[in-house]
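**Student:** My structure is in coords-v1.txt, and what it holds is compact mmCIF, C-alpha atoms:
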```txt
# COMPACT_ATOMS: atom_id res chain seq x y z
CA MET G 1 94.38 70.03 86.29
CA GLN G 2 94.89 73.71 85.46
CA GLY G 3 91.13 74.33 85.41
CA HIS G 4 90.75 72.66 88.80
CA ALA G 5 93.58 74.78 90.25
CA LEU G 6 91.97 77.98 88.93
CA THR G 7 88.53 77.12 90.30
CA SER G 8 90.13 76.37 93.68
CA PHE G 9 92.29 79.49 93.64
CA VAL G 10 89.47 82.02 93.17
CA PRO G 11 87.34 81.11 96.23
CA VAL G 12 90.43 80.83 98.46
CA PHE G 13 91.60 84.27 97.34
CA LEU G 14 88.15 85.86 97.78
CA ASP G 15 87.59 84.31 101.21
CA SER G 16 90.91 85.64 102.46
CA ALA G 17 90.33 89.07 100.90
CA VAL G 18 86.88 89.46 102.48
CA ASP G 19 88.29 88.36 105.83
CA ILE G 20 91.34 90.63 105.83
CA ILE G 21 90.75 93.78 103.77
CA PRO G 22 88.11 95.51 106.01
CA LEU G 23 90.36 95.39 109.08
CA PHE G 24 93.34 96.26 106.90
CA LEU G 25 91.63 99.53 105.89
CA PHE G 26 90.57 100.25 109.48
CA ALA G 27 94.13 99.65 110.69
CA LEU G 28 95.51 102.06 108.10
CA PHE G 29 93.04 104.74 109.18
CA VAL G 30 94.12 104.30 112.80
CA GLY G 31 97.71 104.62 111.60
CA ALA G 32 96.90 107.84 109.73
CA LEU G 33 95.40 109.32 112.89
CA ILE G 34 98.50 108.45 114.90
CA GLU G 35 100.83 109.81 112.24
CA GLU G 36 98.97 113.12 112.19
CA PHE G 37 98.55 113.69 115.91
CA VAL G 38 101.83 112.25 117.33
CA SER G 39 104.63 114.76 116.75
CA GLU G 40 108.32 114.19 116.09
CA ARG G 41 109.07 116.25 119.21
CA PHE G 42 107.38 113.54 121.27
CA ILE G 43 109.36 110.82 119.51
CA VAL G 44 112.82 112.39 119.64
CA ARG G 45 112.92 112.58 123.44
CA PHE G 46 113.24 108.78 123.50
CA LEU G 47 116.24 108.61 121.17
CA THR G 48 119.07 109.66 123.47
CA GLY G 49 120.51 108.59 126.81
CA ARG G 50 122.85 106.01 128.29
CA ASN G 51 120.30 104.26 130.48
CA PRO G 52 119.31 100.89 128.93
CA GLY G 53 115.72 101.86 129.64
CA THR G 54 115.93 104.55 126.96
CA MET G 55 116.82 101.87 124.41
CA VAL G 56 113.73 99.90 125.34
CA LEU G 57 111.64 103.06 125.07
CA SER G 58 113.05 103.89 121.63
CA ALA G 59 112.18 100.38 120.39
CA VAL G 60 108.68 100.52 121.91
CA VAL G 61 107.96 103.94 120.40
CA GLY G 62 109.24 102.73 117.02
CA ALA G 63 107.04 99.65 117.26
CA LEU G 64 103.96 101.83 117.65
CA ILE G 65 104.63 104.18 114.72
CA PRO G 66 102.40 103.32 111.71
CA LEU G 67 105.00 103.47 108.93
CA CYS G 68 106.55 100.84 106.67
CA THR G 69 110.31 100.54 106.21
CA CYS G 70 110.51 103.07 103.38
CA GLY G 71 108.60 105.53 105.58
CA MET G 72 110.58 104.76 108.73
CA VAL G 73 113.98 105.38 107.10
CA PRO G 74 113.35 109.09 106.24
CA LEU G 75 111.94 109.59 109.74
CA ALA G 76 114.98 107.90 111.27
CA VAL G 77 117.31 110.10 109.19
CA SER G 78 115.45 113.19 110.36
CA LEU G 79 115.62 112.14 114.00
CA ARG G 80 119.32 111.30 113.66
CA ARG G 81 119.98 114.80 112.33
CA ARG G 82 118.06 116.26 115.23
CA GLY G 83 120.33 114.67 117.82
CA GLY G 84 119.31 111.04 118.20
CA ASP G 85 122.32 108.76 118.67
CA MET G 86 122.86 105.89 116.24
CA LYS G 87 122.05 102.95 118.49
CA HIS G 88 118.75 104.53 119.59
CA VAL G 89 117.82 105.48 116.02
CA LEU G 90 118.52 101.99 114.65
CA SER G 91 116.60 100.43 117.53
CA PHE G 92 113.68 102.74 116.73
CA LEU G 93 113.94 102.09 112.98
CA THR G 94 114.17 98.31 113.24
CA ALA G 95 111.31 97.82 115.68
CA GLY G 96 109.18 100.25 113.68
CA ALA G 97 109.88 98.49 110.38
CA ALA G 98 108.93 95.14 111.91
CA VAL G 99 105.63 96.10 113.53
CA SER G 100 103.18 98.91 114.29
CA ILE G 101 99.77 99.39 115.90
CA PRO G 102 97.91 98.72 112.62
CA VAL G 103 100.02 95.59 112.04
CA LEU G 104 99.25 94.36 115.55
CA LEU G 105 95.54 94.76 114.82
CA LEU G 106 95.94 92.78 111.60
CA THR G 107 97.99 90.12 113.38
CA TRP G 108 95.25 89.72 116.00
CA LYS G 109 92.60 89.35 113.29
CA ILE G 110 94.56 86.90 111.14
CA LEU G 111 96.63 84.86 113.61
CA GLY G 112 95.24 85.53 117.10
CA LEU G 113 96.22 87.22 120.34
CA ARG G 114 99.20 84.99 121.13
CA TRP G 115 100.86 86.04 117.89
CA VAL G 116 100.24 89.72 118.73
CA LEU G 117 102.22 89.35 121.96
CA VAL G 118 104.98 87.31 120.31
CA ARG G 119 105.32 89.72 117.40
CA PHE G 120 105.39 92.83 119.60
CA VAL G 121 107.97 91.44 122.05
CA ALA G 122 110.12 89.94 119.29
CA SER G 123 110.09 93.20 117.31
CA ILE G 124 111.28 95.15 120.34
CA ALA G 125 113.97 92.53 120.97
CA LEU G 126 115.08 92.77 117.33
CA GLY G 127 115.28 96.56 117.65
CA LEU G 128 117.45 96.24 120.74
CA LEU G 129 119.73 93.69 119.07
CA ALA G 130 120.14 95.92 116.00
CA GLY G 131 120.79 99.01 118.12
CA TYR G 132 123.47 97.47 120.33
CA ALA G 133 125.04 95.41 117.53
CA SER G 134 125.41 98.57 115.43
CA LEU G 135 128.00 99.90 117.87
CA ALA G 136 130.37 97.08 116.97
CA ALA G 137 129.22 96.12 113.47
CA LEU G 138 128.91 99.58 111.95
CA GLY G 139 131.49 101.43 114.01
CA GLY G 140 132.40 104.62 112.19
CA ALA G 141 130.70 103.62 108.96
CA VAL G 142 127.98 106.17 109.55
CA GLY G 143 128.37 109.82 110.25
CA HIS G 144 127.19 112.03 113.03
CA PRO G 145 124.18 114.33 112.89
CA THR G 146 124.67 117.10 110.35
CA GLU G 147 121.83 119.36 111.37
CA SER G 148 121.09 121.01 114.68
CA PRO G 149 118.00 122.88 115.71
CA ALA G 150 118.18 126.63 115.88
CA ASN G 151 117.43 128.48 119.16
CA GLY G 152 116.49 125.23 120.88
CA GLU G 153 113.48 124.68 118.63
CA THR G 154 113.38 121.22 117.14
CA PHE G 155 110.02 121.16 115.40
CA ASP G 156 107.36 123.40 114.00
CA VAL G 157 104.41 123.11 116.37
CA THR G 158 102.16 125.70 114.79
CA PRO G 159 98.53 124.76 115.54
CA ILE G 160 96.61 123.34 112.62
CA ALA G 161 92.90 123.88 112.17
CA GLY G 162 90.66 120.89 112.83
CA ARG G 163 89.42 120.55 109.26
CA SER G 164 92.94 120.84 107.90
CA ARG G 165 94.05 118.05 110.20
CA LEU G 166 91.18 115.84 109.11
CA ARG G 167 92.09 116.47 105.48
CA SER G 168 95.68 115.61 106.33
CA VAL G 169 94.56 112.37 107.98
CA TRP G 170 92.52 111.49 104.90
CA ARG G 171 95.45 112.21 102.55
CA CYS G 172 97.72 110.12 104.76
CA PHE G 173 95.18 107.29 104.75
CA LEU G 174 94.89 107.32 100.95
CA GLY G 175 98.67 107.43 100.63
CA GLN G 176 99.06 104.40 102.89
CA VAL G 177 96.36 102.53 100.96
CA LYS G 178 98.26 103.15 97.71
CA GLU G 179 101.52 102.05 99.32
CA TYR G 180 100.32 98.97 101.20
CA ALA G 181 97.43 97.65 99.09
CA PRO G 182 99.45 96.26 96.16
CA TRP G 183 101.60 94.18 98.49
CA VAL G 184 98.64 92.94 100.51
CA LEU G 185 97.12 91.77 97.22
CA VAL G 186 100.43 90.09 96.28
CA SER G 187 100.45 88.32 99.65
CA LEU G 188 96.81 87.21 99.19
CA VAL G 189 97.65 85.84 95.74
CA LEU G 190 100.73 84.00 97.03
CA ALA G 191 98.74 82.61 99.96
CA ALA G 192 96.04 81.30 97.62
CA LEU G 193 98.70 79.77 95.34
CA VAL G 194 100.35 78.08 98.32
CA ASP G 195 96.98 76.69 99.40
CA VAL G 196 96.20 75.30 95.96
CA LEU G 197 99.57 74.28 94.53
CA VAL G 198 102.14 73.69 97.30
CA PRO G 199 102.07 70.28 99.02
CA GLY G 200 102.20 70.45 102.80
CA HIS G 201 105.32 68.29 103.01
CA TRP G 202 107.30 70.91 101.03
CA VAL G 203 106.45 73.56 103.61
CA ASP G 204 107.32 71.12 106.38
CA ILE G 205 110.70 70.39 104.82
CA LEU G 206 111.59 74.07 104.35
CA TYR G 207 110.00 75.74 107.37
CA GLY G 208 108.52 73.08 109.62
CA GLN G 209 111.61 72.01 111.51
CA ARG G 210 112.65 73.41 114.87
CA THR G 211 116.09 74.14 113.53
CA THR G 212 118.12 77.21 112.82
CA VAL G 213 117.93 76.42 109.09
CA GLY G 214 114.14 76.80 108.99
CA SER G 215 114.26 80.21 110.66
CA LEU G 216 117.19 81.29 108.46
CA LEU G 217 115.33 80.35 105.28
CA ALA G 218 112.26 82.21 106.52
CA SER G 219 114.38 85.29 107.28
CA VAL G 220 115.64 85.58 103.70
CA SER G 221 112.37 84.57 101.98
CA GLY G 222 111.35 88.16 101.29
CA VAL G 223 114.52 89.29 99.49
CA PRO G 224 112.93 89.52 96.00
CA PHE G 225 109.74 91.18 97.30
CA TYR G 226 108.81 94.29 99.24
CA PHE G 227 106.26 93.32 101.84
CA CYS G 228 105.43 96.21 104.15
CA SER G 229 105.01 94.95 107.69
CA GLY G 230 101.63 93.24 107.90
CA ALA G 231 101.31 92.58 104.18
CA GLU G 232 102.97 89.18 104.66
CA LEU G 233 100.31 87.95 107.10
CA PRO G 234 98.01 86.15 104.62
CA LEU G 235 101.01 84.22 103.31
CA VAL G 236 102.24 83.39 106.82
CA ARG G 237 98.77 82.17 107.83
CA GLU G 238 98.65 79.83 104.84
CA LEU G 239 102.17 78.55 105.46
CA LEU G 240 101.27 77.86 109.12
CA ALA G 241 98.24 75.91 107.95
CA LYS G 242 100.53 73.89 105.65
CA GLY G 243 102.95 72.99 108.44
CA MET G 244 105.27 75.96 108.95
CA GLY G 245 106.92 75.95 112.37
CA PHE G 246 106.32 78.61 115.02
CA GLY G 247 109.95 79.75 114.96
CA PRO G 248 110.26 80.18 111.18
CA ALA G 249 106.92 82.03 111.13
CA THR G 250 108.23 84.43 113.78
CA ALA G 251 111.47 84.93 111.84
CA MET G 252 109.57 85.58 108.61
CA MET G 253 107.32 88.24 110.15
CA LEU G 254 110.35 90.00 111.66
CA ALA G 255 112.67 89.91 108.65
CA VAL G 256 110.50 90.01 105.52
CA PRO G 257 109.51 93.71 105.89
CA ILE G 258 113.20 94.69 106.23
CA VAL G 259 115.39 92.20 104.38
CA ASN G 260 114.61 92.88 100.73
CA VAL G 261 116.07 94.65 97.71
CA PRO G 262 114.02 97.89 97.94
CA THR G 263 114.92 98.34 101.61
CA PHE G 264 118.59 97.84 100.78
CA GLY G 265 118.29 100.70 98.29
CA VAL G 266 116.59 103.03 100.77
CA VAL G 267 118.91 102.24 103.69
CA GLY G 268 121.93 102.32 101.39
CA LYS G 269 121.20 105.94 100.45
CA TRP G 270 121.43 106.81 104.13
CA LEU G 271 124.17 104.55 105.51
CA GLY G 272 126.01 103.65 102.32
CA PRO G 273 126.01 100.24 100.56
CA ARG G 274 128.51 98.51 102.87
CA ALA G 275 126.80 99.62 106.08
CA ALA G 276 123.39 98.77 104.60
CA LEU G 277 124.56 95.21 103.86
CA VAL G 278 125.90 94.88 107.40
CA TYR G 279 122.61 96.19 108.81
CA LEU G 280 120.51 93.73 106.77
CA ALA G 281 122.85 90.88 107.76
CA MET G 282 122.29 91.85 111.41
CA ILE G 283 118.54 91.66 110.84
CA VAL G 284 118.83 88.18 109.30
CA VAL G 285 120.94 86.93 112.19
CA GLY G 286 118.70 88.58 114.80
CA SER G 287 115.48 87.32 113.21
CA THR G 288 116.88 83.79 112.93
CA LEU G 289 117.97 83.82 116.57
CA LEU G 290 114.64 85.17 117.81
CA GLY G 291 112.77 82.68 115.62
CA VAL G 292 114.69 79.78 117.16
CA ILE G 293 114.05 81.13 120.67
CA ALA G 294 110.34 81.69 120.00
CA GLY G 295 110.00 78.21 118.50
CA ARG G 296 111.49 76.58 121.57
CA ILE G 297 109.87 78.69 124.27
CA VAL G 298 106.47 79.69 122.90
CA GLY G 299 105.80 77.30 120.01
CA PRO G 300 103.86 74.06 120.37
```
Could the structure of this file be written out as structure tokens, please?
**Tutor:**
Amino acid sequence: MQGHALTSFVPVFLDSAVDIIPLFLFALFVGALIEEFVSERFIVRFLTGRNPGTMVLSAVVGALIPLCTCGMVPLAVSLRRRGGDMKHVLSFLTAGAAVSIPVLLLTWKILGLRWVLVRFVASIALGLLAGYASLAALGGAVGHPTESPANGETFDVTPIAGRSRLRSVWRCFLGQVKEYAPWVLVSLVLAALVDVLVPGHWVDILYGQRTTVGSLLASVSGVPFYFCSGAELPLVRELLAKGMGFGPATAMMLAVPIVNVPTFGVVGKWLGPRAALVYLAMIVVGSTLLGVIAGRIVGP
């Protein structure tokens, strides 16, 4: 039995790796280009204002930034110090942790165009929920900006030579490969194990129902791991093939990159442990709600 499982595991793992890794590397290179050539000055203009449209813009901009949660948090802290208000910054952070342009490319390759649209819209909606809910849930638990730009200058915009920028892009690309690759491999291994060892009726019992429980379980599935956004896709694809519902799959893709122990540590250093727990609880509730909605409106 063990020998049969091993011989089945290897081809499943290799097939998924060959299918996913080339586009994964291409997506990271696109992300490195964006990170190098899109400045913080461009981003920060979307993180203030009372018009609800500015909240949507902050979530959209966050959703296009090619950083994982542990990269988004330092950026969010920096933007907060430079004058972004808390609800805009959390909207930006949450949408950006849930999705990015490279992740959308991977989602299209692995799950198809419909999932790209669902993931993008749901990530923006989650960012908006987190931003507005923070006003009531966090209250005064977080401080105000502690730094202000001198003489009206917010960022260093000194021109950088072309070759230097290309070297910077390459370093960024290599850094993202080192950060993302281990968790993509973990996801590929878990997906292959699910394919070989997990009976379909187990997946159906846990995640296949159109109930709030299925989406809630999916939202907290990533707590022991640290899947950067997109790294969970091989596992989600395999779970869908085994009977996972549309709603729980949506909830898992939204929450898994954010609701985990490493993210709690990173966010806790910024907001404090209590506020970090409240924030992650908001993400679980928001992801569960959006999963239920997606399952009923978009799902089969």
**Student:** List as a Markdown table every residue of stretch 165-261 of chain G that is in contact with stretch 71-77 of chain G, defined as an atom at most 12 Å from one of its atoms (using only C-alpha atoms), together with the nearest atom pair and the distance in Å rounded to one decimal, sorted by chain and then rising number.
**Tutor:**
```
| residue | atom | partner | partner_atom | distance |
| --- | --- | --- | --- | --- |
| G:Cys172 | CA | G:Gly71 | CA | 11.8 |
| G:Gly175 | CA | G:Gly71 | CA | 11.3 |
| G:Gln176 | CA | G:Gly71 | CA | 10.0 |
| G:Glu179 | CA | G:Gly71 | CA | 10.1 |
| G:Tyr180 | CA | G:Gly71 | CA | 11.4 |
| G:Cys228 | CA | G:Gly71 | CA | 9.9 |
| G:Ser229 | CA | G:Met72 | CA | 11.3 |
| G:Pro257 | CA | G:Met72 | CA | 11.5 |
| G:Ile258 | CA | G:Met72 | CA | 10.7 |
```
**Student:** Dump as number ranges by chain all residues having an atom at most 10 Å from (100.8, 82.9, 107.4), computed in the file's coordinates with all atoms listed in the file.
**Tutor:** G: 107, 110-111, 187, 191, 232-242, 244, 249-250, 252-253
**Student:** Ranking G:Phe13, G:Phe29, G:Tyr132, G:Phe246 by minimum distance to G:Val292 and counting all atoms listed in the file, which one comes first?
**Tutor:** G:Phe246
**Student:** Considering all atoms listed in the file, state which residue in the set G:Pro102, G:Pro199, G:Pro248, G:Gly265 is at the smallest distance from G:Gly214.
**Tutor:**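 Selected residue with least distance to G:Gly214: G:Pro248.
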**Student:** Point out the residue among G:Val298, G:Leu174, G:Leu254, G:Val213 with the least atom-to-atom distance to G:Ala97, counting only C-alpha atoms.
**Tutor:**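 Counting only C-alpha atoms, the residue closest to G:Ala97 is G:Leu254.
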**Student:** Could you tell me how far atom CA of G:Thr94 lies from atom CA of G:Gly299, in Å and to one decimal?
**Tutor:**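 Atom-to-atom, atom CA of G:Thr94 to atom CA of G:Gly299, that is 23.6 Å.
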**Student:** Using all atoms of stretch 260-279 of chain G that appear in the file, construct an axis-aligned enclosing box with 6 Å of padding on every side and provide its centre coordinates and edge lengths in Å, rounded to one decimal, as JSON.
**Tutor:**
```
{"center_x": 121.3, "center_y": 99.8, "center_z": 103.3, "size_x": 26.5, "size_y": 25.9, "size_z": 23.1}
```
**Student:** Which of these residues is nearest to G:Val259, using only C-alpha atoms: G:Thr54, G:Ser123, G:Ala98, G:Pro182?
**Tutor:** G:Ala98
**Student:** Considering only C-alpha atoms, can you say which of G:Val189, G:Ala59, G:Val220, G:Ala275 comes closest to G:Leu90?
**Tutor:**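 Answer, going by the shortest atom-to-atom distance: G:Ala59.
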**Student:** Report, in Å to a single decimal, how far apart atom CA of G:Ser215 and atom CA of G:Gly247 are.
**Tutor:**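 Spanning atom CA of G:Gly247 to atom CA of G:Ser215 is a straight-line distance of 6.1 Å.
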**Student:** Show me, as an MDAnalysis selection string, the residues that have an atom within 12 Å of G:Leu106 when counting all atoms listed in the file, minus same-chain residues fewer than 4 positions from it.
**Tutor:** chainID G and resid 19:28 30:31 99:102 110:113 115:116 119 184 229:234 237
**Student:** May I ask which of the residues G:Phe37, G:Gly243, G:Arg274, G:Val266 is the closest one to G:Leu166, counting all atoms listed in the file?
**Tutor:** G:Phe37
**Student:** Distance atom CA of G:Val223-atom CA of G:Gly84, one decimal place?
**Tutor:**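 So the two atoms, atom CA of G:Val223 and atom CA of G:Gly84, lie 29.1 Å apart.
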**Student:** I'd like the neighbourhood of G:Thr212 as a compact mmCIF listing (two decimals) with C-alpha atoms, keeping the file's coordinate frame, where a residue qualifies if any of its atoms comes within 12 Å (using only C-alpha atoms), though same-chain residues fewer than 3 positions away should be ignored.
**Tutor:**
```txt
# COMPACT_ATOMS: atom_id res chain seq x y z
CA LEU G 206 111.59 74.07 104.35
CA TYR G 207 110.00 75.74 107.37
CA GLY G 208 108.52 73.08 109.62
CA GLN G 209 111.61 72.01 111.51
CA SER G 215 114.26 80.21 110.66
CA LEU G 216 117.19 81.29 108.46
CA LEU G 217 115.33 80.35 105.28
CA ALA G 218 112.26 82.21 106.52
CA SER G 219 114.38 85.29 107.28
CA GLY G 245 106.92 75.95 112.37
CA GLY G 247 109.95 79.75 114.96
CA PRO G 248 110.26 80.18 111.18
CA ALA G 251 111.47 84.93 111.84
CA VAL G 284 118.83 88.18 109.30
CA VAL G 285 120.94 86.93 112.19
CA GLY G 286 118.70 88.58 114.80
CA SER G 287 115.48 87.32 113.21
CA THR G 288 116.88 83.79 112.93
CA LEU G 289 117.97 83.82 116.57
CA LEU G 290 114.64 85.17 117.81
CA GLY G 291 112.77 82.68 115.62
CA VAL G 292 114.69 79.78 117.16
CA ILE G 293 114.05 81.13 120.67
CA ALA G 294 110.34 81.69 120.00
CA GLY G 295 110.00 78.21 118.50
CA ARG G 296 111.49 76.58 121.57
```
